[in-house]
Amino acid sequence: MFTEKERLEAKKIRVIQDCLENPIDIEGLRMCAITEFGFVNNVLRKRIWPILLNIDTNNIINHSEHIIDHKDTDQVSKDVERSMWRFTRGKTQLRNRKKPELTRIVNSVLSLHSNLYYFQGYHEIASVLLLITDESLAFAMLERLSLNHFSDCMLPNFSEILKLLNYIFPLVSMVDQEVYDFLIKSGVQPMFAISWILTWFSHNLEELDLAARVYDYFLSSHPMASVYFSVSVITNLRDQLLKLECSFDSIHAFFTSNLPENLDLDKIIFEADKLIDKIPPNKIQIISKEPLLPTSPINHYPWDWMSINNAKRNSYKKTLLKNHKLSKNQKRHSQVFKVIFFILFGSLSLFGSLVFLSIKSPTTFNSLYSFFSPIILKILNFNEPNSPIKNYLANLLNYSMPIFNNNNNNNSNVLNNNTIN
């Protein structure tokens, strides 16, 4: 017997498989990354992620042959040695086998591209790619990401990253003014989100499946998607956030700790993607008055190696929004039907119990009825004379009383006859 979640996942897998048939529907895959469950499982991710990055899987170089000592060799070794613990918890053999592979792919990229500067957290991106795919694919994808998505992170300094961080609060103000005012009043700076941007949240999520779900979206979207996703994370944590002391220390500590495991990633992704469409990256650069360098690869997205079909993408987006609205309405109707069902079922159960009790124990029934009926009617006084629920239950009680009284009279007659006889 399949659960509802398993049934929906199976349906999503069929949609993905349709997109993977020749010719591959790249835009369809990108839309799958936005919708519920993303690419569902790691078998599909291993196939799809290289497609999204346009990796020619038949012509990947032997990266190990290109490794040389570079300016960050020692730091890479130290970081790899203490890495992968969260995502390989309880899997010591896997961790020990993957660490040398992780060292090789990171050193290969840095050896081949001496203009790139290593940053702490880079190895965590590589870890996710490696654990989901294999060493060869992970190298090819990491190289592609380093030259494009993470290029601004791999400059001699973090000046461009600070600009990305400074886009977060202005975007928050356009989504949730109350949260924005709270953050500003506290004096906290968006530096708490630096690991979110630098590692695509892999440093702040405890489970590999959660990190992989986030990577589904980032690999399918604009290179600034992590900024918009950060905004959506903040606004989705508003209830917990607004209960905190409005101070730098409490808020900074709240966001720099590991993110809650019960985050609704599908909802956050959907909201982040809507925000990208509403306030595109070029627009937020203008609003913030801190534009990225003209040479930034982010400003040249989409890149030459990408396959982009804007007409198909816009069509898919319209369908996605329409389906999302329908889904919300269906969930709302489902909740209403559940409430109605429980009210009707509870009422009928109560009705049956009272009928049974009136037959078996008329005296007890009369006592209970006299005690509870005024209380129930008082509870149902919603200050709305024509409340359907109140009228329904009140009518049920009023209708049932003659029946119960009739049953009581019949029972009394039977008892009297038995006594006479």
# chains A, B, ... in the order shown; residues from 1 in each chain; ligands from 1
>>> closest_atom_pairs(of="segment 88-182 of chain A", to="segment 240-264 of chain A", cutoff="10 Å", atoms="only C-alpha atoms", output="JSON lines")
{"residue": "A:Glu178", "atom": "CA", "partner": "A:Leu242", "partner_atom": "CA", "distance": 8.9}
{"residue": "A:Val179", "atom": "CA", "partner": "A:Leu242", "partner_atom": "CA", "distance": 7.4}
{"residue": "A:Phe182", "atom": "CA", "partner": "A:Cys246", "partner_atom": "CA", "distance": 6.8}
>>> write_last_selection(atoms="all heavy atoms", output="mmCIF file, in the first residue's frame")
data_model
loop_
_atom_site.group_PDB
_atom_site.id
_atom_site.type_symbol
_atom_site.label_atom_id
_atom_site.label_comp_id
_atom_site.auth_asym_id
_atom_site.auth_seq_id
_atom_site.Cartn_x
_atom_site.Cartn_y
_atom_site.Cartn_z
ATOM 1 N N GLU A 178 7.573 43.920 8.326
ATOM 2 C CA GLU A 178 7.722 43.740 9.775
ATOM 3 C C GLU A 178 9.040 43.039 10.100
ATOM 4 O O GLU A 178 9.750 43.423 11.032
ATOM 5 C CB GLU A 178 6.543 42.946 10.338
ATOM 6 C CG GLU A 178 6.583 42.818 11.857
ATOM 7 C CD GLU A 178 5.415 42.027 12.426
ATOM 8 O OE1 GLU A 178 4.598 41.520 11.627
ATOM 9 O OE2 GLU A 178 5.330 41.918 13.668
ATOM 10 N N VAL A 179 9.357 41.994 9.351
ATOM 11 C CA VAL A 179 10.617 41.284 9.565
ATOM 12 C C VAL A 179 11.801 42.207 9.266
ATOM 13 O O VAL A 179 12.794 42.231 10.004
ATOM 14 C CB VAL A 179 10.681 40.011 8.679
ATOM 15 C CG1 VAL A 179 12.093 39.427 8.674
ATOM 16 C CG2 VAL A 179 9.687 38.976 9.185
ATOM 17 N N PHE A 182 12.337 44.636 12.082
ATOM 18 C CA PHE A 182 12.895 43.929 13.235
ATOM 19 C C PHE A 182 14.403 43.726 13.057
ATOM 20 O O PHE A 182 15.184 43.935 13.992
ATOM 21 C CB PHE A 182 12.180 42.583 13.392
ATOM 22 C CG PHE A 182 12.554 41.826 14.637
ATOM 23 C CD1 PHE A 182 11.995 42.159 15.864
ATOM 24 C CD2 PHE A 182 13.455 40.776 14.586
ATOM 25 C CE1 PHE A 182 12.326 41.452 17.012
ATOM 26 C CE2 PHE A 182 13.802 40.066 15.723
ATOM 27 C CZ PHE A 182 13.233 40.409 16.940
#
>>> select_by_dssp(residues="segment 57-291 of chain A", states="alpha helix (DSSP H)", output="PyMOL selection string")
chain A and resi 73-81+92-112+122-132+135-147+159-165+168-175+177-186+194-199+208-220+225-236+238-242+248-256+265-278+281-288
>>> closest_residue(among="A:Asn22, A:Thr295, A:Thr319, A:Ser111", to="Leu155 of chain A", atoms="only C-alpha atoms")
A:Thr295
>>> residues_around(residues="segment 282-294 of chain A", least_positions_apart="4", cutoff="7 Å", atoms="only C-alpha atoms", output="list of chain:residue names")
A:Glu160, A:Lys163, A:Tyr167, A:Asn299
>>> residues_around(residues="Ile197 of chain A", least_positions_apart="3", cutoff="7 Å", atoms="only C-alpha atoms", output="list in words")
Ala193, Ile194, Trp200, Phe201, Ser226 and Val227 of chain A
>>> residues_around(residues="segment 142-146 of chain A", least_positions_apart="2", cutoff="9 Å", atoms="only C-alpha atoms", output="list in words")
Leu53, Asn54, Ile55, Ile105, Val106, Ser108, Val109, Leu110, His113, Leu116, Ile125, Ala126, Leu129, Leu137, Ala138, Phe139, Ala140, Asn148, His149, Phe150, Ser151, Asp152, Cys153, Met154 and Leu219 of chain A
>>> atom_distance(atom1="atom CA of Asn115 of chain A", atom2="atom CA of Lys46 of chain A")
28.8 Å
>>> atom_distance(atom1="atom CA of Cys32 of chain A", atom2="atom CA of Glu271 of chain A")
14.8 Å
